[in-house]
Amino acid sequence: MNILVLGSGGREHTFAYKIVQSPLCDNLFVAPGNAGTAAIATNIPISVTDFDAVRDLVLKENIEMVVVGPEDPLVQGISDYFAEDTQLKNIVVIGPSKEGAQLEGSKEYAKEFLFRHHIPTAAYQSFTAATVEDGKQFLETLNPPYVLKADGLAAGKGVLILQDIKEAKTELENMLTNKKFGAASEKVVIEEFLDGIELSVFVLTDGKNYLTLPTAKDYKRIGEGDTGLNTGGMGAISPVPFADKAFMNKIEEQIIKPTVDGLVKENIDYKGFIFIGLIKVGNDPKVIEYNVRMGDPETEAVLPRIQNDLVQLFRHVGDQSLDSVDLELDDRSATTVMTVSGGYPESYEKGKEITGIDTISDSIVFHAGTKLEGDTVVTNGGRVIAITSFDEDFRQALKKSYQNIEKLHFDKMYYRKDLGFDLA
Ligand code: AMP
Ligand code: GLY
């Protein structure tokens with residue numbers, strides 16, 4: 001069959017890498033894609049949120065399956081757009097309905113869902129411009145640090161964690177009254193701070209059944225020792241060593257099952273990935289967020305460990321028969337190190353020539369922000385290239401990724417050299 005992947009990052013290159021390995025895939029299209037996807041599929045230069053252009057492409061190329069990478073098209077309702085169109089309704093879309101995507105699109109929606117289904121998460125209250133004074137009073141009742149979250153999508157920047165109550169009140173005012181994050185912060189969720197180590201859990205669901213995919217640890221901050229600004233993610237390690245069987249059982253019983261059951265009970269159409277951000281508080285998992293897609297760069301470490309035919313898995317999602325599948329995993333550790341443009345996550349330059357890609361061996365190269373200029377691969381984003389390696393132990397795997405990164409060059413290339421520093 002012909003398949004379309006929507007998106008242009010490392011996550012989408014990884015989807016493409018797995019999909020082209022499937023004998024079920026005839027032709028793969030990626031829109032808009034990057035230089036990595038161009039080497040294994042056909043890139044189509046359309047926007048992931050231009051649904052009419054996606055429709056034209058799907059009909060023209062006889063596409064039967066659409067895998068949605070990023071959250072924007074999901075939150076804007078691409079699954080419903082397909083379901084409501086007589087010519088598109090039988091196409092398998094990997095990604096939830098607009099209602100389901102609210103789990104990521106609105107922090108308040110997610111918190112209400114979590115509380116309705118008794119899933120462990122931080123205590124919270126939400127406020128608008130009309131109730132900003134109540135919000136300040138609520139802050140007075142909490143201990144620092146204070147967690148303020150813009151309700152809507154804010155490109156990963158909408159969460160502020162502040163030590164000082166005065167600053168927290170000022171920022172609350174900035175978000176609600178001065179719309180610091182635009183429409184996304186017309187509502188703000190103030191949350192209890194959870195103290196512990198984070199991990200990401202990934203679930204693939206057909207809306208009835210689910211598979212728990214490998215866990216991963218993401219490194220979000222730009223600086224070593226988890227310092228500096230938040231990024232999209234500087235690297236990932238899978239599996240997470242502290243997520244042992246007993247802890248995973250808790251996650252399954254207290255979080256994953258009630259989440260999928262909650263979606264079923266509420267009649268929310270959900271065929272796709274659920275990415276659950278968790279904090280281990282003491283010995284217990286608590287949800288900090290839902291995302292309705294795979295993580296990036298977690299995908300680059302998680303998907304290569306899955307040995308099943310990905311297209312076959314997606315077919316089972318399409319016809320709600322995931323219960324007939326056993327997940328087959330590579331038991332080794334996979335580690336992904338992301339190289340980024342100097343200056344990222346603030347301003348950075350694009351168009352820098354990347355060399356050394358062909359000299360990398362014993363690791364997998366996933367392109368993120370790259371594009372082709374003639375035959376030359378150049379940088380085209382903040383996160384540029386991810387290097388994934390396998391070994392029995394995550395430290396050995398990391399060593400391979402770091403050795404290979406030495407062979408890669410572009411002007412002002414940066415990466416974190418301390419991934420795994422927080423793991424025993
Ligand atoms: P989010 O966008 O919800 O993933 O939040 C961004 C980051 O803020 C998370 O990855 C956590 O590191 C941190 N964070 C969010 N909520 C909390 C919380 N309630 N307690 C502690 N840290 C949090
Ligand atoms: N790496 C975090 C995310 O994809 O949201």
# chains A, B, ... in the order shown; residues from 1 in each chain; ligands from 1
call {"tool": "residues_around", "arguments": {"residues": "A:Gly382", "least_positions_apart": "4", "cutoff": "12 Å", "atoms": "only C-alpha atoms", "output": "ChimeraX atom specification"}}
result
/A:9-10,222,231-234,338-352,367-370,378,386,412-415
call {"tool": "residues_around", "arguments": {"residues": "stretch 94-104 of chain A", "least_positions_apart": "5", "cutoff": "6 Å", "atoms": "only C-alpha atoms", "output": "ChimeraX atom specification"}}
result
/A:67-68,74-75,77,79-80,110,268-272,290-292
call {"tool": "closest_atom_pairs", "arguments": {"of": "chain A", "to": "ligand 2", "cutoff": "12 Å", "atoms": "only C-alpha atoms and all ligand atoms", "output": "Markdown table"}}
result
| residue | atom | partner | partner_atom_place_in_ligand_line | distance |
| --- | --- | --- | --- | --- |
| A:Gly9 | CA | ligand 2 | 4 (O) | 10.5 |
| A:Gly10 | CA | ligand 2 | 4 (O) | 10.3 |
| A:Arg11 | CA | ligand 2 | 4 (O) | 8.7 |
| A:Glu12 | CA | ligand 2 | 4 (O) | 11.7 |
| A:Gly69 | CA | ligand 2 | 4 (O) | 10.1 |
| A:Pro70 | CA | ligand 2 | 4 (O) | 8.7 |
| A:Glu71 | CA | ligand 2 | 5 (O) | 9.4 |
| A:Glu104 | CA | ligand 2 | 5 (O) | 10.0 |
| A:Leu153 | CA | ligand 2 | 5 (O) | 11.2 |
| A:Ala154 | CA | ligand 2 | 5 (O) | 11.4 |
| A:Ala155 | CA | ligand 2 | 5 (O) | 9.0 |
| A:Gly156 | CA | ligand 2 | 5 (O) | 7.0 |
| A:Lys157 | CA | ligand 2 | 5 (O) | 10.6 |
| A:Glu198 | CA | ligand 2 | 2 (C) | 11.4 |
| A:Leu199 | CA | ligand 2 | 2 (C) | 10.4 |
| A:Ser200 | CA | ligand 2 | 2 (C) | 8.5 |
| A:Val201 | CA | ligand 2 | 2 (C) | 11.2 |
| A:Phe202 | CA | ligand 2 | 4 (O) | 11.1 |
| A:Ala216 | CA | ligand 2 | 1 (N) | 9.7 |
| A:Lys217 | CA | ligand 2 | 1 (N) | 8.9 |
| A:Asp218 | CA | ligand 2 | 1 (N) | 5.9 |
| A:Tyr219 | CA | ligand 2 | 1 (N) | 7.7 |
| A:Lys220 | CA | ligand 2 | 1 (N) | 6.8 |
| A:Arg221 | CA | ligand 2 | 1 (N) | 10.4 |
| A:Asn230 | CA | ligand 2 | 2 (C) | 10.0 |
| A:Thr231 | CA | ligand 2 | 1 (N) | 8.2 |
| A:Gly232 | CA | ligand 2 | 1 (N) | 5.3 |
| A:Gly233 | CA | ligand 2 | 1 (N) | 4.6 |
| A:Met234 | CA | ligand 2 | 1 (N) | 8.0 |
| A:Gly235 | CA | ligand 2 | 1 (N) | 8.2 |
| A:Ala236 | CA | ligand 2 | 1 (N) | 8.2 |
| A:Ile237 | CA | ligand 2 | 1 (N) | 11.4 |
| A:Phe273 | CA | ligand 2 | 4 (O) | 12.0 |
| A:Ile274 | CA | ligand 2 | 5 (O) | 11.4 |
| A:Phe275 | CA | ligand 2 | 5 (O) | 8.4 |
| A:Ile276 | CA | ligand 2 | 5 (O) | 9.8 |
| A:Gly277 | CA | ligand 2 | 2 (C) | 8.7 |
| A:Leu278 | CA | ligand 2 | 2 (C) | 11.9 |
| A:Ile288 | CA | ligand 2 | 5 (O) | 11.9 |
| A:Glu289 | CA | ligand 2 | 5 (O) | 9.6 |
| A:Tyr290 | CA | ligand 2 | 5 (O) | 9.3 |
| A:Asn291 | CA | ligand 2 | 5 (O) | 7.0 |
| A:Val292 | CA | ligand 2 | 5 (O) | 9.6 |
| A:Arg293 | CA | ligand 2 | 4 (O) | 8.0 |
| A:Met294 | CA | ligand 2 | 4 (O) | 6.5 |
| A:Gly295 | CA | ligand 2 | 4 (O) | 3.3 |
| A:Asp296 | CA | ligand 2 | 4 (O) | 4.0 |
| A:Pro297 | CA | ligand 2 | 1 (N) | 5.4 |
| A:Glu298 | CA | ligand 2 | 1 (N) | 6.1 |
| A:Thr299 | CA | ligand 2 | 4 (O) | 8.4 |
| A:Glu300 | CA | ligand 2 | 1 (N) | 10.4 |
| A:Ala301 | CA | ligand 2 | 1 (N) | 11.2 |
| A:Val302 | CA | ligand 2 | 1 (N) | 11.9 |
| A:Thr336 | CA | ligand 2 | 1 (N) | 11.5 |
| A:Met338 | CA | ligand 2 | 1 (N) | 11.0 |
| A:Arg383 | CA | ligand 2 | 1 (N) | 11.4 |
call {"tool": "residues_near_ligand", "arguments": {"ligand": "ligand 1", "cutoff": "6 Å", "atoms": "only C-alpha atoms and all ligand atoms", "output": "ChimeraX atom specification"}}
result
/A:122,156,159,191-195,288-289
call {"tool": "residues_around", "arguments": {"residues": "A:Pro120", "least_positions_apart": "3", "cutoff": "10 Å", "atoms": "only C-alpha atoms", "output": "list in words"}}
result
Leu114, Phe115, His117, Ala123, Ile251, Gln254, Ile255, Leu278, Asp284, Pro285, Lys286, Val287 and Ile288 of chain A
call {"tool": "write_last_selection", "arguments": {"atoms": "all heavy atoms", "output": "CSV table (one decimal), in the first residue's frame"}}
result
chain,number,residue,atom,x,y,z
A,114,LEU,N,-7.9,13.4,33.9
A,114,LEU,CA,-7.1,12.7,34.9
A,114,LEU,C,-7.9,12.5,36.2
A,114,LEU,O,-8.0,11.5,36.8
A,114,LEU,CB,-5.8,13.4,35.1
A,114,LEU,CG,-4.7,13.3,34.0
A,114,LEU,CD1,-3.7,14.4,34.2
A,114,LEU,CD2,-4.1,11.9,34.0
A,115,PHE,N,-8.5,13.6,36.6
A,115,PHE,CA,-9.3,13.6,37.9
A,115,PHE,C,-10.5,12.7,37.7
A,115,PHE,O,-10.8,12.0,38.6
A,115,PHE,CB,-9.6,15.0,38.4
A,115,PHE,CG,-8.5,15.5,39.2
A,115,PHE,CD1,-7.3,16.1,38.6
A,115,PHE,CD2,-8.5,15.4,40.6
A,115,PHE,CE1,-6.3,16.6,39.4
A,115,PHE,CE2,-7.4,15.9,41.4
A,115,PHE,CZ,-6.3,16.5,40.8
A,117,HIS,N,-10.9,10.2,36.1
A,117,HIS,CA,-10.6,8.7,36.0
A,117,HIS,C,-9.6,8.3,37.1
A,117,HIS,O,-9.1,7.2,37.1
A,117,HIS,CB,-10.1,8.4,34.6
A,117,HIS,CG,-11.1,8.6,33.6
A,117,HIS,ND1,-12.3,7.9,33.5
A,117,HIS,CD2,-11.3,9.6,32.7
A,117,HIS,CE1,-13.0,8.4,32.5
A,117,HIS,NE2,-12.4,9.4,32.0
A,123,ALA,N,-2.1,18.1,42.1
A,123,ALA,CA,-3.2,18.9,42.4
A,123,ALA,C,-3.1,20.2,41.6
A,123,ALA,O,-2.0,20.7,41.3
A,123,ALA,CB,-3.3,19.3,43.9
A,251,ILE,N,2.5,1.7,36.8
A,251,ILE,CA,2.1,2.6,35.7
A,251,ILE,C,0.9,2.0,34.9
A,251,ILE,O,0.0,2.7,34.5
A,251,ILE,CB,3.3,2.8,34.8
A,251,ILE,CG1,4.4,3.6,35.5
A,251,ILE,CG2,2.9,3.5,33.5
A,251,ILE,CD1,5.7,3.9,34.8
A,254,GLN,N,-2.3,1.9,37.3
A,254,GLN,CA,-2.8,3.2,37.8
A,254,GLN,C,-3.0,4.2,36.7
A,254,GLN,O,-3.7,5.2,36.9
A,254,GLN,CB,-1.9,3.7,38.9
A,254,GLN,CG,-1.8,2.9,40.1
A,254,GLN,CD,-0.7,3.3,41.1
A,254,GLN,OE1,-0.2,4.5,41.0
A,254,GLN,NE2,-0.3,2.5,42.0
A,255,ILE,N,-2.3,4.1,35.6
A,255,ILE,CA,-2.3,5.1,34.6
A,255,ILE,C,-2.7,4.7,33.2
A,255,ILE,O,-3.6,5.2,32.6
A,255,ILE,CB,-0.9,5.8,34.6
A,255,ILE,CG1,-0.6,6.5,35.9
A,255,ILE,CG2,-0.7,6.8,33.4
A,255,ILE,CD1,0.8,7.0,36.2
A,278,LEU,N,5.7,11.3,32.9
A,278,LEU,CA,5.5,10.9,34.3
A,278,LEU,C,6.6,11.4,35.1
A,278,LEU,O,7.7,11.6,34.7
A,278,LEU,CB,5.5,9.4,34.4
A,278,LEU,CG,4.4,8.6,33.7
A,278,LEU,CD1,4.8,7.1,33.8
A,278,LEU,CD2,3.1,8.9,34.3
A,284,ASP,N,6.1,6.2,43.4
A,284,ASP,CA,4.8,6.2,42.7
A,284,ASP,C,4.9,7.1,41.5
A,284,ASP,O,5.4,8.2,41.5
A,284,ASP,CB,3.7,6.7,43.6
A,284,ASP,CG,3.5,5.6,44.7
A,284,ASP,OD1,3.3,4.5,44.3
A,284,ASP,OD2,3.5,6.0,45.9
A,285,PRO,N,4.3,6.6,40.4
A,285,PRO,CA,4.2,7.4,39.2
A,285,PRO,C,3.1,8.4,39.2
A,285,PRO,O,2.0,8.1,39.7
A,285,PRO,CB,3.9,6.4,38.1
A,285,PRO,CG,3.2,5.3,38.8
A,285,PRO,CD,3.6,5.3,40.2
A,286,LYS,N,3.3,9.7,38.8
A,286,LYS,CA,2.3,10.7,38.6
A,286,LYS,C,2.4,11.3,37.3
A,286,LYS,O,3.5,11.6,36.8
A,286,LYS,CB,2.4,11.8,39.7
A,286,LYS,CG,2.1,11.2,41.1
A,286,LYS,CD,1.8,12.4,42.0
A,286,LYS,CE,1.5,11.9,43.4
A,286,LYS,NZ,0.9,12.9,44.3
A,287,VAL,N,1.2,11.6,36.7
A,287,VAL,CA,1.2,12.1,35.3
A,287,VAL,C,1.5,13.6,35.3
A,287,VAL,O,0.9,14.3,36.1
A,287,VAL,CB,-0.2,11.9,34.6
A,287,VAL,CG1,-0.2,12.5,33.3
A,287,VAL,CG2,-0.4,10.4,34.5
A,288,ILE,N,2.4,14.1,34.5
A,288,ILE,CA,2.6,15.5,34.3
A,288,ILE,C,1.9,16.0,33.1
A,288,ILE,O,1.5,17.1,33.0
A,288,ILE,CB,4.0,16.0,34.4
A,288,ILE,CG1,5.0,15.1,33.7
A,288,ILE,CG2,4.5,16.3,35.8
A,288,ILE,CD1,6.4,15.7,33.6
call {"tool": "closest_residue", "arguments": {"among": "A:Thr376, A:Lys417, A:Glu392, A:Asp56", "to": "A:Ala35", "atoms": "only C-alpha atoms"}}
result
A:Thr376
call {"tool": "closest_residue", "arguments": {"among": "A:Thr215, A:Val5, A:Gly135, A:Glu84", "to": "A:Phe242", "atoms": "only C-alpha atoms"}}
result
A:Thr215
call {"tool": "select_by_dssp", "arguments": {"residues": "stretch 99-231 of chain A", "states": "alpha helix (DSSP H)", "output": "count of residues only"}}
result
39
call {"tool": "select_by_dssp", "arguments": {"residues": "stretch 30-63 of chain A", "states": "strand (DSSP E or B)", "output": "MDAnalysis selection string"}}
result
chainID A and resid 30:32 42:43 63
call {"tool": "write_last_selection", "arguments": {"atoms": "C-alpha atoms", "output": "PDB file, in the first residue's frame"}}
result
ATOM      1  CA  VAL A  30       6.591  12.279   3.594  1.00  0.00           C
ATOM      2  CA  ALA A  31       5.168  15.799   3.817  1.00  0.00           C
ATOM      3  CA  PRO A  32       7.091  17.977   4.040  1.00  0.00           C
ATOM      4  CA  THR A  42       9.238  10.968  -1.763  1.00  0.00           C
ATOM      5  CA  ASN A  43       9.051  14.325  -0.038  1.00  0.00           C
ATOM      6  CA  ILE A  63      -2.594   6.611  -0.219  1.00  0.00           C
TER       7      ILE A  63
END
call {"tool": "residues_around", "arguments": {"residues": "A:Gly318", "least_positions_apart": "5", "cutoff": "10 Å", "atoms": "only C-alpha atoms", "output": "list in words"}}
result
Met65, Asn90, Ile91, Val92, Val93, Ile94, Thr205, Asp206, Gly207, Lys271, Gly272, Gln312 and Leu313 of chain A
call {"tool": "write_last_selection", "arguments": {"atoms": "C-alpha atoms", "output": "PDB file, in the first residue's frame"}}
result
ATOM      1  CA  MET A  65      -2.581   5.062   5.465  1.00  0.00           C
ATOM      2  CA  ASN A  90     -11.690   4.367   4.902  1.00  0.00           C
ATOM      3  CA  ILE A  91      -8.111   5.559   5.056  1.00  0.00           C
ATOM      4  CA  VAL A  92      -6.294   4.534   8.223  1.00  0.00           C
ATOM      5  CA  VAL A  93      -5.208   7.646  10.110  1.00  0.00           C
ATOM      6  CA  ILE A  94      -2.721   7.087  12.933  1.00  0.00           C
ATOM      7  CA  THR A 205      -4.006   2.173  21.073  1.00  0.00           C
ATOM      8  CA  ASP A 206      -6.702   1.212  18.581  1.00  0.00           C
ATOM      9  CA  GLY A 207      -9.345   2.831  20.797  1.00  0.00           C
ATOM     10  CA  LYS A 271      -6.409   5.483  17.218  1.00  0.00           C
ATOM     11  CA  GLY A 272      -2.822   6.406  17.719  1.00  0.00           C
ATOM     12  CA  GLN A 312       1.236  -4.271  10.246  1.00  0.00           C
ATOM     13  CA  LEU A 313       0.896  -2.751  13.715  1.00  0.00           C
TER      14      LEU A 313
END
call {"tool": "closest_residue", "arguments": {"among": "A:Ser8, A:Leu204, A:Leu139, A:Asn34", "to": "A:Arg315", "atoms": "only C-alpha atoms"}}
result
A:Leu204
call {"tool": "residues_around", "arguments": {"residues": "A:Val48", "least_positions_apart": "3", "cutoff": "7 Å", "atoms": "only C-alpha atoms", "output": "ChimeraX atom specification"}}
result
/A:6-7,31,73
call {"tool": "write_last_selection", "arguments": {"atoms": "all heavy atoms", "output": "short mmCIF file (atom, residue, chain, number, x, y, z; two decimals), in the first residue's frame"}}
result
data_model
loop_
_atom_site.label_atom_id
_atom_site.label_comp_id
_atom_site.auth_asym_id
_atom_site.auth_seq_id
_atom_site.Cartn_x
_atom_site.Cartn_y
_atom_site.Cartn_z
N LEU A 6 3.18 12.49 7.92
CA LEU A 6 3.13 13.96 8.02
C LEU A 6 4.13 14.44 9.06
O LEU A 6 4.11 13.98 10.21
CB LEU A 6 1.74 14.43 8.42
CG LEU A 6 0.63 14.26 7.40
CD1 LEU A 6 -0.70 14.78 7.97
CD2 LEU A 6 0.96 15.00 6.10
N GLY A 7 5.00 15.37 8.65
CA GLY A 7 5.96 15.96 9.57
C GLY A 7 7.33 16.06 8.92
O GLY A 7 7.54 15.62 7.78
N ALA A 31 5.48 14.39 4.06
CA ALA A 31 5.17 15.80 3.82
C ALA A 31 5.34 16.58 5.11
O ALA A 31 4.69 16.26 6.08
CB ALA A 31 3.73 15.94 3.32
N PRO A 73 -1.66 19.20 13.54
CA PRO A 73 -2.78 18.74 12.71
C PRO A 73 -3.80 17.92 13.49
O PRO A 73 -5.00 17.96 13.17
CB PRO A 73 -2.11 17.88 11.62
CG PRO A 73 -0.69 17.71 12.01
CD PRO A 73 -0.35 18.74 13.03
#
call {"tool": "residues_around", "arguments": {"residues": "A:Asn174", "least_positions_apart": "5", "cutoff": "12 Å", "atoms": "only C-alpha atoms", "output": "number ranges by chain"}}
result
A: 128-129, 132, 148, 150, 160, 167-169, 179-182, 185-188
call {"tool": "write_last_selection", "arguments": {"atoms": "N, CA, C and O atoms", "output": "PDB file, in the first residue's frame"}}
result
ATOM      1  N   THR A 128      -8.511  32.337  34.675  1.00  0.00           N
ATOM      2  CA  THR A 128      -8.572  33.163  33.464  1.00  0.00           C
ATOM      3  C   THR A 128      -8.284  34.616  33.869  1.00  0.00           C
ATOM      4  O   THR A 128      -8.106  34.899  35.062  1.00  0.00           O
ATOM      5  N   ALA A 129      -8.307  35.525  32.883  1.00  0.00           N
ATOM      6  CA  ALA A 129      -8.046  36.934  33.188  1.00  0.00           C
ATOM      7  C   ALA A 129      -9.041  37.453  34.235  1.00  0.00           C
ATOM      8  O   ALA A 129      -8.699  38.272  35.079  1.00  0.00           O
ATOM      9  N   VAL A 132      -7.794  36.360  37.841  1.00  0.00           N
ATOM     10  CA  VAL A 132      -6.354  36.447  38.098  1.00  0.00           C
ATOM     11  C   VAL A 132      -6.050  36.684  39.585  1.00  0.00           C
ATOM     12  O   VAL A 132      -5.084  36.131  40.131  1.00  0.00           O
ATOM     13  N   LEU A 148       3.377  27.077  36.628  1.00  0.00           N
ATOM     14  CA  LEU A 148       2.323  27.754  35.857  1.00  0.00           C
ATOM     15  C   LEU A 148       2.327  27.187  34.445  1.00  0.00           C
ATOM     16  O   LEU A 148       3.368  27.146  33.793  1.00  0.00           O
ATOM     17  N   ALA A 150       0.490  27.380  30.618  1.00  0.00           N
ATOM     18  CA  ALA A 150      -0.469  27.900  29.641  1.00  0.00           C
ATOM     19  C   ALA A 150      -1.361  26.736  29.226  1.00  0.00           C
ATOM     20  O   ALA A 150      -0.876  25.628  28.990  1.00  0.00           O
ATOM     21  N   LEU A 160       6.063  27.373  33.136  1.00  0.00           N
ATOM     22  CA  LEU A 160       7.051  28.140  33.908  1.00  0.00           C
ATOM     23  C   LEU A 160       7.133  27.545  35.308  1.00  0.00           C
ATOM     24  O   LEU A 160       6.106  27.237  35.921  1.00  0.00           O
ATOM     25  N   GLU A 167       7.523  36.711  41.685  1.00  0.00           N
ATOM     26  CA  GLU A 167       7.731  36.444  40.261  1.00  0.00           C
ATOM     27  C   GLU A 167       6.586  35.590  39.701  1.00  0.00           C
ATOM     28  O   GLU A 167       6.117  35.804  38.585  1.00  0.00           O
ATOM     29  N   ALA A 168       6.144  34.618  40.496  1.00  0.00           N
ATOM     30  CA  ALA A 168       5.055  33.743  40.054  1.00  0.00           C
ATOM     31  C   ALA A 168       3.791  34.575  39.808  1.00  0.00           C
ATOM     32  O   ALA A 168       3.085  34.384  38.809  1.00  0.00           O
ATOM     33  N   LYS A 169       3.521  35.522  40.705  1.00  0.00           N
ATOM     34  CA  LYS A 169       2.325  36.365  40.529  1.00  0.00           C
ATOM     35  C   LYS A 169       2.449  37.242  39.293  1.00  0.00           C
ATOM     36  O   LYS A 169       1.497  37.423  38.538  1.00  0.00           O
ATOM     37  N   LYS A 179      -1.313  38.129  27.855  1.00  0.00           N
ATOM     38  CA  LYS A 179      -1.263  37.050  26.856  1.00  0.00           C
ATOM     39  C   LYS A 179       0.154  36.720  26.412  1.00  0.00           C
ATOM     40  O   LYS A 179       0.471  36.698  25.224  1.00  0.00           O
ATOM     41  N   LYS A 180       1.005  36.465  27.393  1.00  0.00           N
ATOM     42  CA  LYS A 180       2.408  36.142  27.121  1.00  0.00           C
ATOM     43  C   LYS A 180       2.560  35.039  26.069  1.00  0.00           C
ATOM     44  O   LYS A 180       3.472  35.079  25.253  1.00  0.00           O
ATOM     45  N   PHE A 181       1.694  34.044  26.093  1.00  0.00           N
ATOM     46  CA  PHE A 181       1.759  32.972  25.090  1.00  0.00           C
ATOM     47  C   PHE A 181       0.564  33.047  24.140  1.00  0.00           C
ATOM     48  O   PHE A 181       0.059  32.022  23.677  1.00  0.00           O
ATOM     49  N   GLY A 182       0.103  34.278  23.865  1.00  0.00           N
ATOM     50  CA  GLY A 182      -1.038  34.456  22.966  1.00  0.00           C
ATOM     51  C   GLY A 182      -2.280  33.790  23.527  1.00  0.00           C
ATOM     52  O   GLY A 182      -2.476  33.725  24.742  1.00  0.00           O
ATOM     53  N   SER A 185      -2.380  31.166  26.486  1.00  0.00           N
ATOM     54  CA  SER A 185      -2.384  31.464  27.925  1.00  0.00           C
ATOM     55  C   SER A 185      -3.564  32.328  28.354  1.00  0.00           C
ATOM     56  O   SER A 185      -3.505  33.043  29.340  1.00  0.00           O
ATOM     57  N   GLU A 186      -4.681  32.211  27.620  1.00  0.00           N
ATOM     58  CA  GLU A 186      -5.907  32.869  28.092  1.00  0.00           C
ATOM     59  C   GLU A 186      -6.416  32.167  29.338  1.00  0.00           C
ATOM     60  O   GLU A 186      -7.171  32.712  30.125  1.00  0.00           O
ATOM     61  N   LYS A 187      -6.004  30.914  29.471  1.00  0.00           N
ATOM     62  CA  LYS A 187      -6.300  30.151  30.678  1.00  0.00           C
ATOM     63  C   LYS A 187      -4.963  29.621  31.188  1.00  0.00           C
ATOM     64  O   LYS A 187      -4.099  29.276  30.380  1.00  0.00           O
ATOM     65  N   VAL A 188      -4.800  29.571  32.510  1.00  0.00           N
ATOM     66  CA  VAL A 188      -3.548  29.055  33.068  1.00  0.00           C
ATOM     67  C   VAL A 188      -3.870  28.026  34.148  1.00  0.00           C
ATOM     68  O   VAL A 188      -4.761  28.237  34.980  1.00  0.00           O
TER      69      VAL A 188
END
call {"tool": "closest_residue", "arguments": {"among": "A:Ile44, A:Val189, A:Ile256, A:Ile78", "to": "A:Met175", "atoms": "only C-alpha atoms"}}
result
A:Val189
call {"tool": "closest_residue", "arguments": {"among": "A:Arg416, A:Val147, A:Ile279, A:Gly36", "to": "A:Asp358", "atoms": "only C-alpha atoms"}}
result
A:Gly36
call {"tool": "atom_distance", "arguments": {"atom1": "atom CA of A:Ile3", "atom2": "atom CA of A:Asp72"}}
result
19.7 Å
call {"tool": "atom_distance", "arguments": {"atom1": "atom CA of A:Lys18", "atom2": "atom CA of A:Asp309"}}
result
7.7 Å
call {"tool": "decode", "arguments": {"residues": "stretch 104-114 of chain A", "atoms": "N, CA, C and O atoms", "output": "PDB file, in the first residue's frame"}}
result
ATOM      1  N   GLU A 104      -3.739  16.794  24.726  1.00  0.00           N
ATOM      2  CA  GLU A 104      -2.521  17.608  24.606  1.00  0.00           C
ATOM      3  C   GLU A 104      -2.857  19.069  24.352  1.00  0.00           C
ATOM      4  O   GLU A 104      -2.136  19.956  24.816  1.00  0.00           O
ATOM      5  N   GLY A 105      -3.954  19.318  23.646  1.00  0.00           N
ATOM      6  CA  GLY A 105      -4.299  20.679  23.217  1.00  0.00           C
ATOM      7  C   GLY A 105      -4.743  21.583  24.350  1.00  0.00           C
ATOM      8  O   GLY A 105      -4.667  22.800  24.236  1.00  0.00           O
ATOM      9  N   SER A 106      -5.208  20.990  25.441  1.00  0.00           N
ATOM     10  CA  SER A 106      -5.634  21.805  26.584  1.00  0.00           C
ATOM     11  C   SER A 106      -5.208  21.136  27.887  1.00  0.00           C
ATOM     12  O   SER A 106      -5.622  20.024  28.198  1.00  0.00           O
ATOM     13  N   LYS A 107      -4.365  21.839  28.638  1.00  0.00           N
ATOM     14  CA  LYS A 107      -3.891  21.289  29.913  1.00  0.00           C
ATOM     15  C   LYS A 107      -5.071  21.092  30.869  1.00  0.00           C
ATOM     16  O   LYS A 107      -5.094  20.142  31.648  1.00  0.00           O
ATOM     17  N   GLU A 108      -6.048  22.029  30.809  1.00  0.00           N
ATOM     18  CA  GLU A 108      -7.189  21.916  31.710  1.00  0.00           C
ATOM     19  C   GLU A 108      -8.021  20.682  31.356  1.00  0.00           C
ATOM     20  O   GLU A 108      -8.447  19.932  32.234  1.00  0.00           O
ATOM     21  N   TYR A 109      -8.231  20.456  30.066  1.00  0.00           N
ATOM     22  CA  TYR A 109      -8.963  19.271  29.616  1.00  0.00           C
ATOM     23  C   TYR A 109      -8.278  18.010  30.143  1.00  0.00           C
ATOM     24  O   TYR A 109      -8.916  17.094  30.651  1.00  0.00           O
ATOM     25  N   ALA A 110      -6.946  17.981  30.014  1.00  0.00           N
ATOM     26  CA  ALA A 110      -6.186  16.809  30.456  1.00  0.00           C
ATOM     27  C   ALA A 110      -6.332  16.611  31.967  1.00  0.00           C
ATOM     28  O   ALA A 110      -6.541  15.499  32.445  1.00  0.00           O
ATOM     29  N   LYS A 111      -6.236  17.714  32.718  1.00  0.00           N
ATOM     30  CA  LYS A 111      -6.341  17.592  34.179  1.00  0.00           C
ATOM     31  C   LYS A 111      -7.736  17.094  34.566  1.00  0.00           C
ATOM     32  O   LYS A 111      -7.867  16.233  35.435  1.00  0.00           O
ATOM     33  N   GLU A 112      -8.764  17.609  33.905  1.00  0.00           N
ATOM     34  CA  GLU A 112     -10.126  17.164  34.237  1.00  0.00           C
ATOM     35  C   GLU A 112     -10.296  15.678  33.921  1.00  0.00           C
ATOM     36  O   GLU A 112     -10.898  14.932  34.693  1.00  0.00           O
ATOM     37  N   PHE A 113      -9.733  15.258  32.783  1.00  0.00           N
ATOM     38  CA  PHE A 113      -9.781  13.839  32.402  1.00  0.00           C
ATOM     39  C   PHE A 113      -9.083  12.977  33.458  1.00  0.00           C
ATOM     40  O   PHE A 113      -9.614  11.963  33.919  1.00  0.00           O
ATOM     41  N   LEU A 114      -7.893  13.420  33.871  1.00  0.00           N
ATOM     42  CA  LEU A 114      -7.126  12.673  34.873  1.00  0.00           C
ATOM     43  C   LEU A 114      -7.912  12.538  36.176  1.00  0.00           C
ATOM     44  O   LEU A 114      -7.984  11.455  36.767  1.00  0.00           O
TER      45      LEU A 114
END
